[in-house]
Amino acid sequence: MAGSADLHEPGFALHVEDLTVRYGSSIALWDIDLDVPPGRLVAIVGPNGSGKSTLLKSVMGLLRPVAGHIRIFGEPISRARSRVAYVHQRAEVDWDFPATVLEVVTMGLYRRIGWLRPVRKAHRQAALEALAEVGMEAFATRQIGQLSGGQQQRVFIARALIQQADLVLLDEPLAGVDAVSEDIILSLLRSLRDRGKSVVVVHHDLSTVRRRFDWMVLLNRRLIAQGEMRDVYTPANLKAAYGGQMAVFDAADADDPARSGRVGGQV
Amino acid sequence: MPMLVDLLGSQIVRTVMLGAALVGAVSGMVGVFAVLRRQSLLSDTISHAALPGVCLGFLLAGERDLTTIMLVALLTAMAAALSVLAIGRLTPLKTDAQLGIVLSVYFAVGVVLLSHIQAQGGGARAGITTFLFGQAAALSAQDLWVLGGVFAVATLFFVVLWKEIKLATFDPIAAAALGLPVRALELGLTVLLALTIVAGIQLVGVVLMVAVLIAPAVAARQWIGNLGAMTILAMGIGGLVGAGGALLSATGRGLATGPIVVLLASAVVLVSILAAPRRGVVWQALSAQLQRWRISGDRVLLAMDRLAAAHHDPDYPSEKGMLDTMLGRPLPGVMRRLEGQGLVRPVVHDPESSPHWVLTPAGRRRAEALRRTGHGPD
Amino acid sequence: MLAALFDSIPAMIVLTGVLVGAAAALPGVFLVLRGNAMLTDAISHSIVFGVIMVWLLTRELSGPVQLIGAGLTGVLTVALTEALTRTGLVKTDAAIGLVFSMLFATGILLIGIFARQVHLHADTILLGEIGFVWMRTTPVLGVAVPVSMVMLGVVLVLNLVFVVLFWKELKLATFDPALAAALGLAPAALHYTLLTLTSVTAVAAFDAVGPVLFIAFVIVPPATALLMTRRLALIVPLAAALSTIACVSGYFLAVHWNVAIGGMMATMTGVLFVMVLSMRALKRQLQHRRPVPGNPAPWP
């Protein structure tokens, strides 16, 4: 068991240090240092290809970074899996898969249920309750392919809720979502925050980010800024993130493609 | 050696080698586009689906008549390609399942017809199973005209429509935007693919035809980046491999031609992937090694200095992965050398277990001097 | 009574086909859903190489050594394909085509060189001989049971145990590998196990249907079942039932027309697929015609 002596920066829901991720010769994330205090509703914002999804995947241990480390409540992901839930982009799964809404929500429990143990009634009951929270209980027996985009997203959110995680990571949960779903999702995320959970959301819409979130991480392959929304949401920071190319290295290194114009690619 | 000369002097062997070279060359040409259009598995499906056509053609002609067999096989091959399209259109099944269904069911029908022909007995039996694995020796002088015709049709198609095919293959959307008949071009390429396959199966067999199509193209791509030159090289490789396989098969106690051609082609692919300049595995490993040697200690010191400055921490522990990313790949030797000179010092950066280094005071002074003189490393 | 069953040659043949279908459908469902059904094509062709290598080393054509050899060959095929793809020099589909062709060609040449005089023949290897499976038997509890059936029975149980024990993990890893990995449920290990079991099933089915017809049993019935129901738990038994229908009808048609039994059974899986596909298309057409209640037609 992990003694408290093993913990590293346990005061933060998410602690990232020196994180560098590379896809082949292109750099997706460079030298990211990040600290997310608990109980915040955090937006990760940055232009396309700025490494937002890569950051979440690295946190979940789905990618192997070339440098740096990540801690969740002081623990590495291998020991913190039960405390963190992850909602990836909707398009990453096959919505024609033969499964019902209830089955998909129950999937969030598979780790807790454990190997070699079947899904029981209590698990399905928990899934129904999670579905009720996102206003989708009437759809429990539907095939997932019959849902609208916003409904699919709410099912994914229910699947994360059922994990009762202390840290929830969501990749573009509001992209392509109808207004009703958007309201439901946002109020759910707020209520999670109000219950002391930490919620980290990759968000694509600069115009709405300020009203909806209270902590912001500005990213463009490097960390541009992080902190309370009012401190970070400044014209200078936004310009640094969105305006012009980033320059990690100086011109002396322009001879190497990995370090000049081709730094980073679409993620 | 005298045996080889005898063989080459023989009319039959020359016929067979010429036929095999023709088949190999067409396969190389058409295969380039099959590979670029990611149709390797479709090619495999089409060639398995030629089997029922071969059998039907055989039944229709009542004998081993290559023209009839090829025509009917072309029909079933095209029907298979259309079936794949239809299943894709009518069901939510994924591409892999579409191909698998068509490949196995058409082949099964072929097996049924094959057994029907064999049950009739007689000379038919021996002739027909050679289409499974190919038998170059069965090639006759008239067959050469048919194979030559296929070669001419394919060459003409590519020569006339070269730039259109090139664009439609590389960027079909741009081609359509320019008003090119992309659908028609794709259909033409698919018909040509099926034609090439049915021309090749007598030699290579339905099961292994896919390798003869894709291997020359994959090998050629490693050496050349230009589409035209690559196509010509693929034709050359295909022709040589075909002729060589036919010759070996003729000498090798009646071993089936298909497997021999495929093993030759695989060997060419293997050599190309390992040894081709710039892309090849060996070349890349060597150039990476060379780069490592070229990294001077000064560049490492400057990189570490820059990382320390970025973190406002002169004692910033630089991690191996980050230095790798900045410099290409530092050889551990460089770090050991710098360590020996007292310029860097290895440290443990809790909680990570990967190697980290910090600049020593001497290293920091040296980096500062390098920075001031402004003359970068290298 | 049991002994009487094993004395009946038609019953033997049909039962062998049914076992092939049931054993193949189990991994088949997940391969079809995952979208890498064509790995079956690669694996089952490569198996020829594994079978001949094991035969050269041990002179055994069936039994546990062949099953182990098959597992290793399957892993070798997938590992070689991935190694080739990872160089970045060859695309996945071309890598699959190259690797299995090379292994298959090597296998066929080895048969041609070393195994001519024995009953190993390239054509038989390719097509299987389900009509003759009853000739080689082994005593099981005092009853002479065909070796093929014993092997297939063992593999069926193996596949069944795997799928039942790891049902929910397989479902999640197939539907959403990213979440499976995020939950720490080892989707890659499951996938490799599935492919290994597919290889083992291929070699058990080898005598009966050969490598190419085996592909039909892995892919076609699960794909057909997928068109009939959207409930995953129903797809496996449904696929097995479709296989059984194909085997029984295929057997009688083959006997009637005096053609290859294995080929006819595999053909029937295709016939069933086309029938289900047509009914589905017809139903779609009818639904399309009927105006949806509560949704007024957009035209006057």
# chains A, B, ... in the order shown; residues from 1 in each chain; ligands from 1

$ closest_atom_pairs --of "chain B" --to "chain C" --cutoff "8 Å" --atoms "only C-alpha atoms" --output "CSV"
residue,atom,partner,partner_atom,distance
B:Val35,CA,C:Ala94,CA,6.6
B:Arg38,CA,C:Asp93,CA,6.6
B:Gln39,CA,C:Asp93,CA,7.5
B:Ser40,CA,C:Ala94,CA,5.3
B:Leu41,CA,C:Asp93,CA,6.1
B:Asp44,CA,C:Gly97,CA,7.6
B:Leu90,CA,C:Ala281,CA,7.1
B:Thr91,CA,C:Leu227,CA,7.5
B:Leu93,CA,C:Ala223,CA,7.2
B:Lys94,CA,C:Gly35,CA,5.6
B:Thr95,CA,C:Gly35,CA,7.1
B:Asp96,CA,C:Ala37,CA,5.2
B:Ala97,CA,C:Ala37,CA,5.5
B:Leu99,CA,C:Met38,CA,7.3
B:Gly100,CA,C:Met38,CA,5.9
B:Ile101,CA,C:Val220,CA,5.5
B:Ser104,CA,C:Ala216,CA,4.9
B:Val105,CA,C:Gly270,CA,5.5
B:Tyr106,CA,C:Thr267,CA,7.7
B:Phe107,CA,C:Leu213,CA,7.5
B:Ala108,CA,C:Gly263,CA,4.7
B:Val109,CA,C:Thr267,CA,5.7
B:Gly110,CA,C:Gly263,CA,7.9
B:Val111,CA,C:Gly263,CA,5.3
B:Val112,CA,C:Gly263,CA,5.2
B:Leu113,CA,C:Val259,CA,7.4
B:Ser115,CA,C:Val259,CA,5.2
B:His116,CA,C:Val259,CA,5.3
B:Ala119,CA,C:Val259,CA,7.5
B:Thr129,CA,C:Asp123,CA,7.5
B:Leu132,CA,C:Asp123,CA,7.7
B:Leu208,CA,C:Ser101,CA,6.0
B:Val210,CA,C:Gly97,CA,6.8
B:Ala211,CA,C:Leu98,CA,5.8
B:Ile214,CA,C:Ala94,CA,6.7
B:Ala215,CA,C:Leu98,CA,6.8
B:Val218,CA,C:Val90,CA,6.9
B:Gln222,CA,C:Leu89,CA,7.3
B:Leu255,CA,C:Gly112,CA,6.4
B:Ala256,CA,C:Leu109,CA,7.6
B:Gly258,CA,C:Ala105,CA,7.5
B:Pro259,CA,C:Ala105,CA,4.3
B:Ile260,CA,C:Ala105,CA,7.2
B:Val262,CA,C:Met102,CA,6.5
B:Leu263,CA,C:Met102,CA,6.1
B:Ser266,CA,C:Met102,CA,6.4
B:Ile273,CA,C:Leu89,CA,7.3
B:Arg279,CA,C:Leu89,CA,7.4
B:Val281,CA,C:Thr87,CA,7.3

$ select_by_dssp --residues "segment 203-285 of chain B" --states "alpha helix (DSSP H)" --output "PyMOL selection string"
chain B and resi 203-204+209-223+227-251+257-275+281-285

$ residues_around --residues "Asn159 of chain C" --least-positions-apart "2" --cutoff "9 Å" --atoms "only C-alpha atoms" --output "list in words"
Ala23, Ala24, Leu26, Pro27, Val154, Val155, Leu156, Val157, Val161, Phe162, Val163, Val164, Leu194, Leu197, Thr198 and Thr201 of chain C

$ atom_distance --atom1 "atom CA of Val241 of chain B" --atom2 "atom CA of Leu286 of chain B"
29.2 Å

$ closest_residue --among "C:Ile235, C:Met279, C:Leu253, C:Ala240" --to "chain A" --atoms "only C-alpha atoms"
C:Ile235

$ interface_residues --of "chain C" --to "chain A" --cutoff "9 Å" --atoms "only C-alpha atoms" --output "list in words"
Leu33, Arg34, Val164, Leu165, Phe166, Trp167, Lys168, Glu169, Lys171, Leu172, Thr174, Phe175, Asp176, Pro177, Ala178, Leu179, Ala180, Ala181, Ala182, Leu183, Gly184, Leu185, Leu226, Thr229, Arg230, Arg231 and Leu232 of chain C

$ write_last_selection --atoms "N, CA and C atoms" --output "tab-separated table (two decimals), in the first residue's frame"
chain	number	residue	atom	x	y	z
C	33	LEU	N	-16.39	-6.89	-35.05
C	33	LEU	CA	-16.78	-5.63	-34.43
C	33	LEU	C	-15.61	-4.66	-34.34
C	34	ARG	N	-14.42	-5.17	-34.08
C	34	ARG	CA	-13.25	-4.31	-33.95
C	34	ARG	C	-12.78	-3.76	-35.27
C	164	VAL	N	-16.49	-16.17	-22.03
C	164	VAL	CA	-17.40	-16.02	-20.88
C	164	VAL	C	-16.69	-15.33	-19.72
C	165	LEU	N	-15.46	-15.77	-19.44
C	165	LEU	CA	-14.74	-15.18	-18.30
C	165	LEU	C	-14.43	-13.71	-18.51
C	166	PHE	N	-14.08	-13.34	-19.74
C	166	PHE	CA	-13.66	-11.97	-19.99
C	166	PHE	C	-14.69	-11.20	-20.80
C	167	TRP	N	-15.95	-11.61	-20.70
C	167	TRP	CA	-17.01	-11.02	-21.51
C	167	TRP	C	-17.03	-9.51	-21.43
C	168	LYS	N	-17.13	-8.98	-20.21
C	168	LYS	CA	-17.32	-7.53	-20.12
C	168	LYS	C	-16.05	-6.80	-20.52
C	169	GLU	N	-14.88	-7.38	-20.22
C	169	GLU	CA	-13.63	-6.73	-20.63
C	169	GLU	C	-13.49	-6.73	-22.15
C	171	LYS	N	-15.92	-6.80	-24.28
C	171	LYS	CA	-16.91	-5.86	-24.80
C	171	LYS	C	-16.36	-4.43	-24.74
C	172	LEU	N	-15.82	-4.08	-23.59
C	172	LEU	CA	-15.30	-2.72	-23.43
C	172	LEU	C	-14.09	-2.48	-24.33
C	174	THR	N	-13.39	-3.79	-27.07
C	174	THR	CA	-13.79	-3.72	-28.47
C	174	THR	C	-14.50	-2.40	-28.77
C	175	PHE	N	-15.37	-2.01	-27.86
C	175	PHE	CA	-16.15	-0.78	-28.08
C	175	PHE	C	-15.28	0.45	-27.87
C	176	ASP	N	-14.49	0.46	-26.82
C	176	ASP	CA	-13.82	1.68	-26.42
C	176	ASP	C	-12.45	1.36	-25.82
C	177	PRO	N	-11.47	1.05	-26.69
C	177	PRO	CA	-10.15	0.66	-26.18
C	177	PRO	C	-9.53	1.74	-25.29
C	178	ALA	N	-9.82	3.02	-25.59
C	178	ALA	CA	-9.21	4.09	-24.79
C	178	ALA	C	-9.71	4.03	-23.36
C	179	LEU	N	-11.02	3.84	-23.18
C	179	LEU	CA	-11.53	3.75	-21.81
C	179	LEU	C	-11.00	2.48	-21.13
C	180	ALA	N	-10.93	1.37	-21.88
C	180	ALA	CA	-10.41	0.14	-21.31
C	180	ALA	C	-9.01	0.37	-20.78
C	181	ALA	N	-8.19	1.09	-21.55
C	181	ALA	CA	-6.83	1.38	-21.11
C	181	ALA	C	-6.85	2.33	-19.92
C	182	ALA	N	-7.74	3.33	-19.97
C	182	ALA	CA	-7.81	4.29	-18.88
C	182	ALA	C	-8.24	3.62	-17.58
C	183	LEU	N	-9.07	2.59	-17.68
C	183	LEU	CA	-9.50	1.87	-16.49
C	183	LEU	C	-8.50	0.78	-16.10
C	184	GLY	N	-7.42	0.66	-16.87
C	184	GLY	CA	-6.39	-0.33	-16.54
C	184	GLY	C	-6.81	-1.75	-16.87
C	185	LEU	N	-7.61	-1.95	-17.92
C	185	LEU	CA	-8.13	-3.28	-18.22
C	185	LEU	C	-7.39	-3.97	-19.37
C	226	LEU	N	-24.86	-9.95	-36.83
C	226	LEU	CA	-24.80	-8.52	-36.51
C	226	LEU	C	-25.88	-7.73	-37.25
C	229	THR	N	-29.42	-8.64	-35.13
C	229	THR	CA	-29.71	-8.15	-33.79
C	229	THR	C	-28.67	-7.12	-33.38
C	230	ARG	N	-29.08	-6.23	-32.48
C	230	ARG	CA	-28.14	-5.26	-31.95
C	230	ARG	C	-27.76	-5.63	-30.53
C	231	ARG	N	-28.10	-6.85	-30.10
C	231	ARG	CA	-27.73	-7.26	-28.75
C	231	ARG	C	-26.52	-8.17	-28.80
C	232	LEU	N	-25.44	-7.71	-28.23
C	232	LEU	CA	-24.17	-8.42	-28.34
C	232	LEU	C	-24.29	-9.85	-27.81

$ interface_residues --of "chain B" --to "chain A" --cutoff "7 Å" --atoms "only C-alpha atoms" --output "VMD selection string"
chain B and resid 319 321 to 322 326 352 376

$ write_last_selection --atoms "N, CA, C and O atoms" --output "tab-separated table (two decimals), in the first residue's frame"
chain	number	residue	atom	x	y	z
B	319	GLU	N	16.21	16.49	-17.88
B	319	GLU	CA	15.91	15.07	-18.06
B	319	GLU	C	16.38	14.60	-19.43
B	319	GLU	O	16.37	15.34	-20.41
B	321	GLY	N	15.06	12.70	-21.68
B	321	GLY	CA	14.10	12.80	-22.77
B	321	GLY	C	14.02	14.20	-23.35
B	321	GLY	O	13.86	14.38	-24.56
B	322	MET	N	14.14	15.21	-22.49
B	322	MET	CA	14.05	16.58	-22.99
B	322	MET	C	15.31	16.94	-23.77
B	322	MET	O	15.24	17.59	-24.81
B	326	MET	N	15.69	18.01	-27.72
B	326	MET	CA	16.33	19.24	-28.20
B	326	MET	C	17.50	18.96	-29.13
B	326	MET	O	17.79	19.75	-30.02
B	352	GLU	N	10.97	10.89	-10.22
B	352	GLU	CA	11.25	10.18	-11.47
B	352	GLU	C	12.48	9.29	-11.31
B	352	GLU	O	13.34	9.55	-10.47
B	376	GLY	N	27.35	29.87	-31.74
B	376	GLY	CA	26.68	28.64	-31.40
B	376	GLY	C	27.59	27.46	-31.67
B	376	GLY	O	28.63	27.60	-32.31

$ residues_around --residues "Ala137 of chain B" --least-positions-apart "4" --cutoff "10 Å" --atoms "only C-alpha atoms" --output "VMD selection string"
chain B and resid 12 to 13 15 to 17 202 to 203 246 to 247 249 to 250 254 256 to 257

$ residues_around --residues "Val20 of chain C" --least-positions-apart "4" --cutoff "7 Å" --atoms "only C-alpha atoms" --output "PyMOL selection string"
chain C and resi 16+24+152+205

$ write_last_selection --atoms "all heavy atoms" --output "short mmCIF file (atom, residue, chain, number, x, y, z; two decimals), in the first residue's frame"
data_model
loop_
_atom_site.label_atom_id
_atom_site.label_comp_id
_atom_site.auth_asym_id
_atom_site.auth_seq_id
_atom_site.Cartn_x
_atom_site.Cartn_y
_atom_site.Cartn_z
N THR C 16 -18.63 -32.06 -37.27
CA THR C 16 -17.34 -31.38 -37.39
C THR C 16 -17.54 -29.95 -37.89
O THR C 16 -16.97 -29.01 -37.34
CB THR C 16 -16.42 -32.14 -38.37
OG1 THR C 16 -16.32 -33.49 -37.93
CG2 THR C 16 -15.04 -31.52 -38.41
N ALA C 24 -15.28 -20.94 -34.27
CA ALA C 24 -14.80 -19.77 -35.02
C ALA C 24 -15.62 -18.52 -34.71
O ALA C 24 -15.10 -17.40 -34.72
CB ALA C 24 -14.84 -20.05 -36.52
N LEU C 152 -11.24 -29.85 -32.18
CA LEU C 152 -12.20 -28.75 -32.27
C LEU C 152 -12.98 -28.60 -30.97
O LEU C 152 -13.26 -27.48 -30.52
CB LEU C 152 -13.16 -28.98 -33.43
CG LEU C 152 -12.58 -28.67 -34.81
CD1 LEU C 152 -13.44 -29.26 -35.91
CD2 LEU C 152 -12.43 -27.16 -35.00
N ALA C 205 -9.26 -26.43 -37.09
CA ALA C 205 -10.21 -26.55 -38.20
C ALA C 205 -9.52 -26.93 -39.50
O ALA C 205 -10.17 -27.15 -40.53
CB ALA C 205 -10.95 -25.23 -38.38
#

$ atom_distance --atom1 "atom CA of Phe133 of chain B" --atom2 "atom CA of Val204 of chain B"
5.8 Å

$ select_by_dssp --residues "segment 3-252 of chain A" --states "strand (DSSP E)" --output "MDAnalysis selection string"
chainID A and resid 14:23 26:36 41:45 67:72 84:87 167:171 198:202 215:220 222:228

$ residues_around --residues "segment 230-240 of chain A" --least-positions-apart "5" --cutoff "10 Å" --atoms "only C-alpha atoms" --output "list in words"
Val45, Gly46, Leu206, Val209, Arg210, Asp214, Trp215, Met216, Val217, Leu218, Leu219, Asn220, Ile224, Ala225, Gln245 and Met246 of chain A

$ write_last_selection --atoms "N, CA and C atoms" --output "tab-separated table (two decimals), in the first residue's frame"
chain	number	residue	atom	x	y	z
A	45	VAL	N	-7.53	25.51	-22.67
A	45	VAL	CA	-7.87	26.23	-23.89
A	45	VAL	C	-6.61	26.42	-24.72
A	46	GLY	N	-6.77	26.34	-26.01
A	46	GLY	CA	-5.64	26.58	-26.91
A	46	GLY	C	-6.06	26.31	-28.32
A	206	LEU	N	-13.51	30.10	-27.08
A	206	LEU	CA	-12.95	31.18	-26.27
A	206	LEU	C	-14.03	32.13	-25.75
A	209	VAL	N	-15.71	30.65	-22.52
A	209	VAL	CA	-14.90	30.02	-21.47
A	209	VAL	C	-14.94	30.81	-20.16
A	210	ARG	N	-15.01	32.10	-20.28
A	210	ARG	CA	-14.89	32.95	-19.10
A	210	ARG	C	-16.08	32.79	-18.15
A	214	ASP	N	-13.83	28.45	-13.82
A	214	ASP	CA	-13.23	29.37	-12.87
A	214	ASP	C	-11.71	29.26	-12.80
A	215	TRP	N	-11.15	28.36	-13.56
A	215	TRP	CA	-9.70	28.21	-13.58
A	215	TRP	C	-9.33	27.95	-15.02
A	216	MET	N	-8.22	28.49	-15.49
A	216	MET	CA	-7.92	28.32	-16.90
A	216	MET	C	-6.46	27.92	-17.11
A	217	VAL	N	-6.28	27.01	-18.05
A	217	VAL	CA	-4.94	26.63	-18.48
A	217	VAL	C	-4.86	26.97	-19.96
A	218	LEU	N	-3.94	27.84	-20.32
A	218	LEU	CA	-3.76	28.23	-21.72
A	218	LEU	C	-2.57	27.46	-22.28
A	219	LEU	N	-2.84	26.80	-23.39
A	219	LEU	CA	-1.83	25.87	-23.89
A	219	LEU	C	-1.57	26.14	-25.37
A	220	ASN	N	-0.32	26.12	-25.75
A	220	ASN	CA	-0.02	25.98	-27.17
A	220	ASN	C	1.28	25.22	-27.31
A	224	ILE	N	1.17	28.41	-21.68
A	224	ILE	CA	1.21	29.86	-21.83
A	224	ILE	C	0.90	30.51	-20.48
A	225	ALA	N	-0.16	30.02	-19.82
A	225	ALA	CA	-0.52	30.58	-18.52
A	225	ALA	C	-1.45	29.62	-17.81
A	245	GLN	N	3.33	32.02	-34.41
A	245	GLN	CA	3.95	30.73	-34.10
A	245	GLN	C	4.62	30.79	-32.75
A	246	MET	N	4.67	29.66	-32.11
A	246	MET	CA	5.40	29.67	-30.85
A	246	MET	C	6.88	29.42	-31.15
